[in-house]
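Participant: You'll find structure.cif just under this line, and it carries mmCIF, C-alpha atoms.
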data_final
#
loop_
_atom_site.label_atom_id
_atom_site.label_comp_id
_atom_site.auth_asym_id
_atom_site.auth_seq_id
_atom_site.Cartn_x
_atom_site.Cartn_y
_atom_site.Cartn_z
CA MET A 1 6.06 -46.69 -27.00
CA SER A 2 7.00 -46.96 -23.36
CA ASP A 3 10.25 -44.99 -22.85
CA GLY A 4 12.57 -47.60 -24.30
CA LYS A 5 11.61 -50.33 -21.84
CA GLN A 6 10.36 -53.51 -23.43
CA VAL A 7 7.45 -55.62 -22.28
CA GLY A 8 8.56 -58.96 -20.87
CA ILE A 9 7.02 -62.20 -22.15
CA VAL A 10 6.52 -65.38 -20.09
CA LEU A 11 5.55 -68.63 -21.80
CA VAL A 12 3.89 -71.21 -19.54
CA SER A 13 3.42 -74.75 -20.78
CA HIS A 14 2.87 -78.14 -19.12
CA SER A 15 6.12 -79.17 -20.82
CA ALA A 16 9.52 -77.57 -20.23
CA GLU A 17 10.54 -78.46 -23.80
CA VAL A 18 7.43 -76.88 -25.33
CA ALA A 19 7.88 -73.64 -23.36
CA ALA A 20 11.59 -73.40 -24.20
CA SER A 21 11.09 -74.25 -27.88
CA VAL A 22 8.25 -71.78 -28.36
CA ALA A 23 10.39 -69.09 -26.71
CA GLU A 24 13.22 -69.91 -29.13
CA LEU A 25 10.84 -69.97 -32.10
CA ALA A 26 9.26 -66.62 -31.23
CA LYS A 27 12.61 -64.93 -30.69
CA GLY A 28 13.96 -66.44 -33.88
CA LEU A 29 10.98 -65.27 -35.96
CA ALA A 30 11.29 -61.82 -34.40
CA GLY A 31 14.80 -61.65 -35.86
CA GLY A 32 17.29 -61.78 -33.03
CA THR A 33 15.46 -59.43 -30.70
CA SER A 34 16.48 -58.22 -27.24
CA VAL A 35 12.92 -58.65 -25.91
CA PRO A 36 13.10 -60.45 -22.56
CA VAL A 37 11.37 -63.82 -23.00
CA ALA A 38 11.37 -66.54 -20.35
CA PRO A 39 9.90 -70.04 -20.52
CA ALA A 40 8.20 -71.53 -17.45
CA GLY A 41 7.53 -75.11 -18.44
CA GLY A 42 6.63 -78.23 -16.48
CA THR A 43 7.08 -78.84 -12.79
CA GLU A 44 10.15 -78.07 -10.73
CA GLY A 45 10.94 -81.77 -10.74
CA GLY A 46 11.08 -81.77 -14.54
CA GLY A 47 7.74 -83.52 -15.06
CA LEU A 48 4.65 -82.45 -16.98
CA GLY A 49 2.57 -79.90 -15.09
CA THR A 50 2.66 -76.34 -13.82
CA SER A 51 4.93 -74.72 -11.27
CA ALA A 52 3.93 -71.48 -9.57
CA GLU A 53 7.54 -71.03 -8.50
CA LEU A 54 8.90 -71.31 -12.04
CA ILE A 55 6.22 -68.87 -13.28
CA ALA A 56 7.04 -66.32 -10.57
CA ALA A 57 10.78 -66.63 -11.24
CA ALA A 58 10.29 -66.27 -15.01
CA ALA A 59 8.07 -63.20 -14.58
CA ALA A 60 10.57 -61.56 -12.26
CA SER A 61 13.40 -62.27 -14.72
CA VAL A 62 11.70 -60.50 -17.66
CA ASP A 63 10.28 -57.51 -15.76
CA ARG A 64 11.94 -54.33 -17.10
CA GLY A 65 9.28 -52.01 -15.71
CA ALA A 66 7.06 -51.99 -18.83
CA GLY A 67 4.82 -54.86 -17.74
CA VAL A 68 4.83 -58.60 -18.28
CA ALA A 69 2.60 -60.55 -20.68
CA VAL A 70 2.01 -64.19 -19.70
CA LEU A 71 0.86 -66.70 -22.32
CA THR A 72 -0.20 -70.21 -21.29
CA ASP A 73 -1.18 -73.48 -22.88
CA LEU A 74 -4.15 -74.94 -20.96
CA GLY A 75 -5.71 -76.27 -17.77
CA SER A 76 -3.53 -75.87 -14.70
CA ALA A 77 -1.24 -73.43 -16.51
CA VAL A 78 -4.16 -71.02 -16.99
CA LEU A 79 -5.55 -71.61 -13.49
CA THR A 80 -2.19 -71.21 -11.76
CA VAL A 81 -1.48 -67.86 -13.42
CA LYS A 82 -5.01 -66.66 -12.66
CA ALA A 83 -4.70 -67.75 -9.02
CA LEU A 84 -1.36 -65.95 -8.69
CA LEU A 85 -2.83 -62.79 -10.23
CA ALA A 86 -6.05 -62.88 -8.19
CA GLU A 87 -4.74 -63.62 -4.77
CA GLY A 88 -1.14 -62.90 -4.28
CA ASP A 89 1.84 -60.67 -4.64
CA GLU A 90 4.03 -63.29 -6.29
CA LEU A 91 4.03 -61.69 -9.76
CA PRO A 92 5.48 -58.29 -10.73
CA GLU A 93 3.11 -55.35 -10.83
CA ASN A 94 1.49 -54.89 -14.21
CA THR A 95 1.56 -58.59 -15.11
CA ARG A 96 -1.27 -59.80 -17.33
CA LEU A 97 -2.51 -63.18 -18.47
CA VAL A 98 -2.97 -62.77 -22.22
CA ASP A 99 -5.82 -64.67 -23.86
CA ALA A 100 -4.11 -65.97 -26.99
CA PRO A 101 -3.17 -69.16 -28.83
CA PHE A 102 0.15 -70.32 -27.39
CA VAL A 103 2.47 -70.56 -30.42
CA GLU A 104 0.97 -67.91 -32.72
CA GLY A 105 0.30 -65.60 -29.78
CA ALA A 106 3.87 -65.93 -28.53
CA VAL A 107 5.27 -64.99 -31.94
CA ALA A 108 2.92 -62.00 -32.23
CA ALA A 109 3.71 -60.88 -28.68
CA VAL A 110 7.49 -61.04 -29.09
CA VAL A 111 7.47 -59.36 -32.53
CA THR A 112 5.24 -56.57 -31.18
CA ALA A 113 7.22 -56.14 -27.97
CA ALA A 114 10.39 -55.81 -30.08
CA THR A 115 8.96 -52.61 -31.60
CA GLY A 116 8.85 -51.08 -28.12
CA ALA A 117 5.04 -51.34 -27.94
CA ASP A 118 3.33 -51.07 -24.55
CA LEU A 119 1.61 -53.92 -22.71
CA PRO A 120 -1.95 -53.34 -24.05
CA THR A 121 -0.59 -53.29 -27.62
CA VAL A 122 1.38 -56.51 -27.07
CA GLU A 123 -1.70 -58.08 -25.50
CA ALA A 124 -3.92 -57.05 -28.43
CA ALA A 125 -1.44 -58.38 -30.99
CA ALA A 126 -1.26 -61.75 -29.24
CA ALA A 127 -5.04 -62.00 -28.87
CA GLU A 128 -5.50 -61.11 -32.55
CA ALA A 129 -3.65 -64.30 -33.44
CA TYR A 130 -6.91 -66.13 -32.70
CA SER A 131 -8.34 -64.62 -35.87
CA TYR A 132 -5.71 -65.93 -38.30
CA ARG A 133 -7.72 -68.67 -40.00
CA LYS A 134 -5.73 -71.38 -41.71
CA VAL A 135 -8.37 -72.82 -43.99
CA MET B 1 -15.43 -70.93 18.73
CA LEU B 2 -12.80 -72.18 16.28
CA ASP B 3 -9.16 -71.20 16.88
CA ALA B 4 -5.95 -71.59 14.87
CA ASP B 5 -5.42 -75.06 16.37
CA PHE B 6 -8.77 -76.19 15.00
CA PHE B 7 -7.78 -75.12 11.48
CA ARG B 8 -4.35 -76.73 11.87
CA ARG B 9 -6.09 -79.98 12.89
CA TRP B 10 -8.37 -79.60 9.85
CA MET B 11 -5.37 -79.43 7.52
CA THR B 12 -3.55 -82.29 9.27
CA ALA B 13 -6.66 -84.48 9.15
CA THR B 14 -7.09 -83.65 5.45
CA ALA B 15 -3.46 -84.58 4.75
CA ALA B 16 -3.90 -87.92 6.56
CA SER B 17 -7.11 -88.63 4.71
CA VAL B 18 -5.55 -87.75 1.32
CA ASP B 19 -2.63 -90.06 2.21
CA ARG B 20 -5.06 -92.91 2.94
CA GLU B 21 -7.16 -92.28 -0.18
CA ALA B 22 -4.43 -91.22 -2.66
CA GLU B 23 -4.56 -94.45 -4.63
CA ARG B 24 -8.34 -94.31 -4.88
CA LEU B 25 -8.24 -90.65 -6.04
CA THR B 26 -5.68 -91.49 -8.71
CA ALA B 27 -7.72 -94.53 -9.77
CA LEU B 28 -10.81 -92.32 -10.17
CA ASP B 29 -8.68 -89.89 -12.20
CA SER B 30 -7.43 -92.62 -14.56
CA PRO B 31 -10.46 -93.17 -16.83
CA ILE B 32 -11.45 -89.48 -17.12
CA GLY B 33 -8.30 -87.52 -16.20
CA ASP B 34 -4.54 -87.83 -16.26
CA ALA B 35 -4.16 -90.19 -13.28
CA ASP B 36 -2.32 -87.79 -10.99
CA HIS B 37 -4.99 -86.39 -8.65
CA GLY B 38 -4.06 -88.53 -5.64
CA SER B 39 -0.32 -88.05 -5.91
CA ASN B 40 -0.65 -84.32 -6.64
CA LEU B 41 -2.87 -83.67 -3.61
CA GLN B 42 -0.71 -85.90 -1.44
CA ARG B 43 2.35 -83.84 -2.29
CA GLY B 44 0.40 -80.62 -1.71
CA PHE B 45 -1.12 -81.46 1.67
CA ARG B 46 2.13 -82.98 2.96
CA ALA B 47 3.77 -79.65 2.14
CA VAL B 48 0.92 -77.83 3.89
CA THR B 49 1.40 -79.86 7.08
CA ALA B 50 5.16 -79.24 7.00
CA THR B 51 4.86 -75.50 6.46
CA LEU B 52 2.20 -75.11 9.17
CA GLU B 53 4.53 -76.84 11.63
CA LYS B 54 7.45 -74.70 10.61
CA GLU B 55 5.77 -71.29 10.47
CA ALA B 56 3.15 -71.81 13.21
CA PRO B 57 0.63 -69.16 12.06
CA GLU B 58 -1.37 -67.81 14.99
CA THR B 59 -4.83 -67.04 13.59
CA PRO B 60 -7.41 -69.12 11.68
CA GLY B 61 -7.10 -66.76 8.71
CA ALA B 62 -3.31 -67.06 8.65
CA VAL B 63 -3.45 -70.88 8.82
CA LEU B 64 -5.73 -71.13 5.79
CA THR B 65 -3.98 -68.39 3.79
CA LEU B 66 -0.62 -70.09 4.27
CA ALA B 67 -2.08 -73.52 3.46
CA GLY B 68 -3.64 -72.17 0.26
CA ARG B 69 -0.46 -70.50 -0.86
CA GLN B 70 1.45 -73.72 -0.28
CA LEU B 71 -1.02 -75.73 -2.37
CA ILE B 72 -0.71 -73.30 -5.29
CA SER B 73 3.08 -73.67 -5.05
CA THR B 74 3.41 -77.43 -4.74
CA VAL B 75 0.55 -79.35 -6.35
CA GLY B 76 1.54 -78.97 -10.02
CA GLY B 77 -1.93 -79.72 -11.42
CA ALA B 78 -5.20 -77.81 -11.70
CA SER B 79 -6.21 -78.88 -8.19
CA GLY B 80 -3.37 -76.70 -6.82
CA PRO B 81 -4.74 -73.31 -7.84
CA LEU B 82 -8.32 -74.49 -7.23
CA TYR B 83 -7.83 -75.80 -3.67
CA GLY B 84 -5.26 -73.09 -3.04
CA THR B 85 -7.75 -70.39 -3.98
CA LEU B 86 -10.46 -72.08 -1.87
CA LEU B 87 -8.34 -72.02 1.28
CA ARG B 88 -6.63 -68.70 0.65
CA ARG B 89 -9.86 -66.82 -0.05
CA THR B 90 -11.54 -68.48 2.94
CA GLY B 91 -8.56 -67.47 5.08
CA LYS B 92 -8.65 -63.89 3.84
CA ALA B 93 -12.39 -63.70 4.57
CA LEU B 94 -11.69 -64.76 8.18
CA GLY B 95 -9.39 -61.75 8.67
CA ASP B 96 -7.15 -61.42 11.72
CA ALA B 97 -9.47 -62.76 14.43
CA ALA B 98 -7.89 -65.15 16.96
CA GLU B 99 -11.10 -67.17 17.03
CA VAL B 100 -14.07 -67.37 14.68
CA GLY B 101 -17.61 -68.65 15.13
CA GLU B 102 -19.02 -71.48 13.05
CA SER B 103 -21.32 -69.13 11.16
CA GLU B 104 -18.42 -66.80 10.31
CA PHE B 105 -16.51 -69.81 9.05
CA ALA B 106 -19.48 -70.89 6.94
CA GLU B 107 -19.65 -67.43 5.37
CA ALA B 108 -15.91 -67.38 4.72
CA LEU B 109 -16.00 -70.84 3.16
CA ARG B 110 -18.81 -69.69 0.87
CA ALA B 111 -16.57 -66.81 -0.28
CA GLY B 112 -13.85 -69.40 -0.94
CA VAL B 113 -16.18 -71.62 -2.96
CA ASP B 114 -17.38 -68.60 -4.94
CA ALA B 115 -13.76 -67.74 -5.75
CA VAL B 116 -13.18 -71.29 -7.01
CA MET B 117 -16.23 -71.01 -9.28
CA THR B 118 -14.93 -67.70 -10.65
CA LEU B 119 -11.42 -69.09 -11.20
CA GLY B 120 -12.42 -72.33 -12.89
CA GLY B 121 -15.68 -71.15 -14.43
CA ALA B 122 -17.53 -74.23 -13.12
CA ALA B 123 -21.13 -74.24 -11.91
CA PRO B 124 -23.01 -76.92 -9.96
CA GLY B 125 -23.73 -79.90 -12.22
CA ASP B 126 -20.51 -79.58 -14.27
CA LYS B 127 -19.03 -82.69 -12.54
CA THR B 128 -16.35 -80.89 -10.53
CA MET B 129 -15.33 -80.25 -6.92
CA ILE B 130 -18.09 -77.61 -6.85
CA ASP B 131 -20.67 -80.43 -6.76
CA ALA B 132 -19.39 -81.48 -3.33
CA LEU B 133 -18.47 -78.03 -1.98
CA VAL B 134 -21.70 -76.14 -2.68
CA PRO B 135 -23.97 -78.68 -0.90
CA ALA B 136 -21.46 -78.78 1.98
CA VAL B 137 -21.51 -75.01 2.44
CA ASP B 138 -25.31 -75.02 2.23
CA ALA B 139 -25.46 -77.67 4.98
CA LEU B 140 -22.82 -76.11 7.22
CA ALA B 141 -25.42 -74.21 9.25
CA ASP B 142 -26.55 -77.63 10.56
CA GLY B 143 -23.04 -78.57 11.69
CA PHE B 144 -19.92 -80.28 10.38
CA GLY B 145 -21.59 -83.71 10.30
CA ALA B 146 -24.33 -82.41 8.03
CA ALA B 147 -21.76 -80.73 5.77
CA ARG B 148 -19.80 -83.97 5.57
CA ALA B 149 -22.88 -85.98 4.60
CA ALA B 150 -23.86 -83.38 2.00
CA ALA B 151 -20.38 -83.35 0.45
CA GLU B 152 -20.22 -87.15 0.29
CA GLN B 153 -23.69 -87.27 -1.26
CA GLY B 154 -22.67 -84.54 -3.73
CA ALA B 155 -19.55 -86.47 -4.76
CA LEU B 156 -21.55 -89.68 -5.33
CA ALA B 157 -24.09 -87.73 -7.38
CA THR B 158 -21.40 -86.72 -9.92
CA THR B 159 -21.29 -90.28 -11.33
CA PRO B 160 -24.17 -89.93 -13.84
CA LEU B 161 -23.12 -86.41 -14.87
CA GLN B 162 -21.30 -85.48 -18.07
CA ALA B 163 -18.14 -83.43 -17.41
CA ARG B 164 -18.25 -79.85 -18.67
CA LYS B 165 -14.96 -78.55 -17.23
CA GLY B 166 -11.35 -79.65 -17.24
CA ARG B 167 -9.69 -82.47 -19.08
CA ALA B 168 -12.62 -84.86 -18.49
CA SER B 169 -14.84 -82.59 -20.60
CA TYR B 170 -12.89 -83.63 -23.72
CA LEU B 171 -14.39 -87.10 -23.24
CA GLY B 172 -17.97 -85.86 -23.67
CA GLU B 173 -20.50 -88.61 -22.97
CA ARG B 174 -17.75 -91.07 -22.10
CA SER B 175 -17.23 -89.16 -18.85
CA ILE B 176 -20.66 -90.39 -17.70
CA GLY B 177 -20.57 -93.27 -15.20
CA HIS B 178 -17.40 -92.19 -13.37
CA GLN B 179 -17.36 -90.43 -10.01
CA ASP B 180 -15.49 -87.14 -10.24
CA PRO B 181 -12.09 -87.24 -8.49
CA GLY B 182 -12.19 -83.54 -7.56
CA ALA B 183 -15.62 -83.86 -5.94
CA THR B 184 -14.32 -86.94 -4.12
CA SER B 185 -11.29 -85.14 -2.69
CA SER B 186 -13.49 -82.17 -1.78
CA ALA B 187 -15.64 -84.56 0.26
CA LEU B 188 -12.47 -85.70 2.08
CA LEU B 189 -11.62 -82.07 2.88
CA VAL B 190 -15.10 -81.44 4.29
CA ALA B 191 -15.11 -84.75 6.20
CA ALA B 192 -11.86 -83.73 7.88
CA LEU B 193 -13.77 -80.89 9.58
CA THR B 194 -15.56 -83.44 11.75
CA GLU B 195 -12.23 -85.01 12.68
CA ALA B 196 -10.77 -81.61 13.57
CA ALA B 197 -13.81 -80.98 15.77
CA GLY B 198 -13.42 -84.39 17.41
CA GLU B 199 -16.90 -85.45 16.27
#
The structure given in the file should be rewritten as structure tokens.
Facilitator:
Amino acid sequence: MSDGKQVGIVLVSHSAEVAASVAELAKGLAGGTSVPVAPAGGTEGGGLGTSAELIAAAAASVDRGAGVAVLTDLGSAVLTVKALLAEGDELPENTRLVDAPFVEGAVAAVVTAATGADLPTVEAAAAEAYSYRKV
Amino acid sequence: MLDADFFRRWMTATAASVDREAERLTALDSPIGDADHGSNLQRGFRAVTATLEKEAPETPGAVLTLAGRQLISTVGGASGPLYGTLLRRTGKALGDAAEVGESEFAEALRAGVDAVMTLGGAAPGDKTMIDALVPAVDALADGFGAARAAAEQGALATTPLQARKGRASYLGERSIGHQDPGATSSALLVAALTEAAGE
């Protein structure tokens, strides 16, 4: 537990629709939670791609002081978050890129964050989603 | 010695070169990528030129750090964080000096290239921008002209390689026979050094 503050979740996809829908799905499956979740999908112009500005704005909007977990789809989404974390001061302190499958990881992260879990616990729950075999 | 104006000219020359070659970069990116490399870099380096004019950074390190940050913000594809990290890390390695020697620049650029390899996980031979940048940094001790030739040679040498990083890697053996767009744009960046130096 982290003194009532919830971990924020940022969902970064090449597509604005994918990011927004996965955010809606994760919140819905978590049962109407108050966990701060923000999508950062596509480019600022509305195309497919990654926007550092949208990611930074989303991270700032979900930061409640308990850390921010960022989940991404692939390619430039991963590289942009890593570049922002490695080089700059654009993201809130205690922001982490979480190595997890995008949809399953987002659900696990939001459900876990809703319990008031801290950032490492949210991160572990999201990463564990890799191990849910389907066949 | 290389001053802030030299690095500004480097960025301006790169932007002009990317403008001239944007269609070719996108054409190279069509069979093995998502056909946006030219337009993405064009948008990025135009923004770099504009922000350098507006903010007028006064040291070599500040020019490259600002340029890198701008690329990360505006490119929208994987080349944004990759080129952005290259320039930003190189700029940070140059520190606050008003002028830097060519050997200091070579060392700083090597730190930038190392940071790109760490970020993207690519090694030489993976058919990426690294295949132009590593030979260029190795040749930089012999001057900008030598670095330019090494980068161009490195880009050409990506054609027979199979891609092991990025979207092109999904194509497996079908990526063989195409020159890598990232290595090609990296060669443009290195070639612009000779223009900035008036060679």
Participant: Applied to this file, what does the PyMOL selection byres ((chain B) within 8 of (chain A)) return in terms of residues, put as a PDB file with C-alpha atoms, in the coordinates of the input?
Facilitator:
ATOM      1  CA  ILE B  72      -0.710 -73.300  -5.290  1.00  0.00           C
ATOM      2  CA  SER B  73       3.080 -73.670  -5.050  1.00  0.00           C
ATOM      3  CA  THR B  74       3.410 -77.430  -4.740  1.00  0.00           C
ATOM      4  CA  GLY B  76       1.540 -78.970 -10.020  1.00  0.00           C
ATOM      5  CA  GLY B  77      -1.930 -79.720 -11.420  1.00  0.00           C
ATOM      6  CA  ALA B  78      -5.200 -77.810 -11.700  1.00  0.00           C
ATOM      7  CA  SER B  79      -6.210 -78.880  -8.190  1.00  0.00           C
ATOM      8  CA  GLY B  80      -3.370 -76.700  -6.820  1.00  0.00           C
ATOM      9  CA  PRO B  81      -4.740 -73.310  -7.840  1.00  0.00           C
ATOM     10  CA  LEU B  82      -8.320 -74.490  -7.230  1.00  0.00           C
ATOM     11  CA  THR B  85      -7.750 -70.390  -3.980  1.00  0.00           C
ATOM     12  CA  ARG B  88      -6.630 -68.700   0.650  1.00  0.00           C
ATOM     13  CA  ARG B  89      -9.860 -66.820  -0.050  1.00  0.00           C
ATOM     14  CA  LEU B 119     -11.420 -69.090 -11.200  1.00  0.00           C
ATOM     15  CA  GLY B 120     -12.420 -72.330 -12.890  1.00  0.00           C
ATOM     16  CA  GLY B 166     -11.350 -79.650 -17.240  1.00  0.00           C
ATOM     17  CA  ARG B 167      -9.690 -82.470 -19.080  1.00  0.00           C
TER      18      ARG B 167
END
Participant: Just the residues within 9 Å of Gly125 (chain B), please, counting only C-alpha atoms, with nothing from its chain fewer than 3 positions along; format it as a list in words.
Facilitator: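 Near neighbours after the sequence-gap exclusion: Ala122, Thr128, Ile130, Asp131, Thr158, Leu161, Gln162, Ala163 and Arg164 of chain B.
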Participant: If you count only C-alpha atoms, which residues fall within 8 Å of region 20-37 of chain B, apart from same-chain ones fewer than 3 positions away, as a VMD selection string?
Facilitator: chain B and resid 16 to 17 40 to 42 77 79 167 to 168 171 175 178 to 182 184 to 185
Participant: CA of Ala150 (chain B) and CA of Asp3 (chain B), how far apart in Å?
Facilitator: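 Between these atoms lies a distance of 24.2 Å.
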Participant: Kindly extract all protein, DNA and RNA residues lying within 12 Å of the coordinates (-24.0, -74.2, -1.8) given in the file, considering all atoms listed in the file, and supply them as number ranges by chain.
Facilitator: B: 106-107, 109-114, 117, 123-125, 129-141, 147, 150-151, 154
Participant: For CA of Leu2 (chain B) and CA of Thr90 (chain B), quote the distance in Å rounded to one decimal.
Facilitator: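 Distance between the two atoms: 13.9 Å.
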Participant: Generate the missing atoms of region 14-38 of chain A up to N, CA and C atoms and report them as an mmCIF file, in the frame of the given file.
Facilitator:
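Final file, selection28.cif:
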data_model
loop_
_atom_site.group_PDB
_atom_site.id
_atom_site.type_symbol
_atom_site.label_atom_id
_atom_site.label_comp_id
_atom_site.auth_asym_id
_atom_site.auth_seq_id
_atom_site.Cartn_x
_atom_site.Cartn_y
_atom_site.Cartn_z
ATOM 1 N N HIS A 14 2.733 -76.946 -19.955
ATOM 2 C CA HIS A 14 2.870 -78.140 -19.120
ATOM 3 C C HIS A 14 4.219 -78.815 -19.342
ATOM 4 N N SER A 15 4.859 -78.502 -20.464
ATOM 5 C CA SER A 15 6.120 -79.170 -20.820
ATOM 6 C C SER A 15 7.250 -78.152 -20.878
ATOM 7 N N ALA A 16 8.359 -78.454 -20.213
ATOM 8 C CA ALA A 16 9.520 -77.570 -20.230
ATOM 9 C C ALA A 16 10.042 -77.408 -21.659
ATOM 10 N N GLU A 17 10.024 -78.511 -22.429
ATOM 11 C CA GLU A 17 10.540 -78.460 -23.800
ATOM 12 C C GLU A 17 9.665 -77.576 -24.675
ATOM 13 N N VAL A 18 8.337 -77.711 -24.517
ATOM 14 C CA VAL A 18 7.430 -76.880 -25.330
ATOM 15 C C VAL A 18 7.665 -75.401 -25.015
ATOM 16 N N ALA A 19 7.712 -75.056 -23.744
ATOM 17 C CA ALA A 19 7.880 -73.640 -23.360
ATOM 18 C C ALA A 19 9.202 -73.097 -23.909
ATOM 19 N N ALA A 20 10.281 -73.871 -23.755
ATOM 20 C CA ALA A 20 11.590 -73.400 -24.200
ATOM 21 C C ALA A 20 11.647 -73.293 -25.729
ATOM 22 N N SER A 21 11.048 -74.265 -26.413
ATOM 23 C CA SER A 21 11.090 -74.250 -27.880
ATOM 24 C C SER A 21 10.256 -73.119 -28.454
ATOM 25 N N VAL A 22 9.084 -72.873 -27.859
ATOM 26 C CA VAL A 22 8.250 -71.780 -28.360
ATOM 27 C C VAL A 22 8.947 -70.444 -28.113
ATOM 28 N N ALA A 23 9.636 -70.324 -26.980
ATOM 29 C CA ALA A 23 10.390 -69.090 -26.710
ATOM 30 C C ALA A 23 11.462 -68.887 -27.786
ATOM 31 N N GLU A 24 12.163 -69.974 -28.119
ATOM 32 C CA GLU A 24 13.220 -69.910 -29.130
ATOM 33 C C GLU A 24 12.636 -69.566 -30.497
ATOM 34 N N LEU A 25 11.515 -70.216 -30.821
ATOM 35 C CA LEU A 25 10.840 -69.970 -32.100
ATOM 36 C C LEU A 25 10.412 -68.506 -32.210
ATOM 37 N N ALA A 26 9.778 -67.996 -31.178
ATOM 38 C CA ALA A 26 9.260 -66.620 -31.230
ATOM 39 C C ALA A 26 10.403 -65.623 -31.352
ATOM 40 N N LYS A 27 11.463 -65.846 -30.602
ATOM 41 C CA LYS A 27 12.610 -64.930 -30.690
ATOM 42 C C LYS A 27 13.275 -65.017 -32.057
ATOM 43 N N GLY A 28 13.360 -66.243 -32.566
ATOM 44 C CA GLY A 28 13.960 -66.440 -33.880
ATOM 45 C C GLY A 28 13.164 -65.747 -34.975
ATOM 46 N N LEU A 29 11.829 -65.893 -34.934
ATOM 47 C CA LEU A 29 10.980 -65.270 -35.960
ATOM 48 C C LEU A 29 10.948 -63.755 -35.805
ATOM 49 N N ALA A 30 11.246 -63.270 -34.600
ATOM 50 C CA ALA A 30 11.290 -61.820 -34.400
ATOM 51 C C ALA A 30 12.629 -61.252 -34.867
ATOM 52 N N GLY A 31 13.546 -62.126 -35.260
ATOM 53 C CA GLY A 31 14.800 -61.650 -35.860
ATOM 54 C C GLY A 31 15.833 -61.204 -34.854
ATOM 55 N N GLY A 32 16.203 -62.085 -33.954
ATOM 56 C CA GLY A 32 17.290 -61.780 -33.030
ATOM 57 C C GLY A 32 17.007 -60.553 -32.175
ATOM 58 N N THR A 33 15.887 -60.584 -31.484
ATOM 59 C CA THR A 33 15.460 -59.430 -30.700
ATOM 60 C C THR A 33 16.040 -59.448 -29.293
ATOM 61 N N SER A 34 16.038 -58.301 -28.632
ATOM 62 C CA SER A 34 16.480 -58.220 -27.240
ATOM 63 C C SER A 34 15.298 -58.298 -26.275
ATOM 64 N N VAL A 35 14.093 -58.568 -26.793
ATOM 65 C CA VAL A 35 12.920 -58.650 -25.910
ATOM 66 C C VAL A 35 13.162 -59.737 -24.858
ATOM 67 N N PRO A 36 12.926 -59.414 -23.584
ATOM 68 C CA PRO A 36 13.100 -60.450 -22.560
ATOM 69 C C PRO A 36 11.975 -61.481 -22.625
ATOM 70 N N VAL A 37 12.337 -62.718 -22.911
ATOM 71 C CA VAL A 37 11.370 -63.820 -23.000
ATOM 72 C C VAL A 37 11.853 -64.926 -22.079
ATOM 73 N N ALA A 38 10.962 -65.440 -21.238
ATOM 74 C CA ALA A 38 11.370 -66.540 -20.350
ATOM 75 C C ALA A 38 10.351 -67.664 -20.405
#
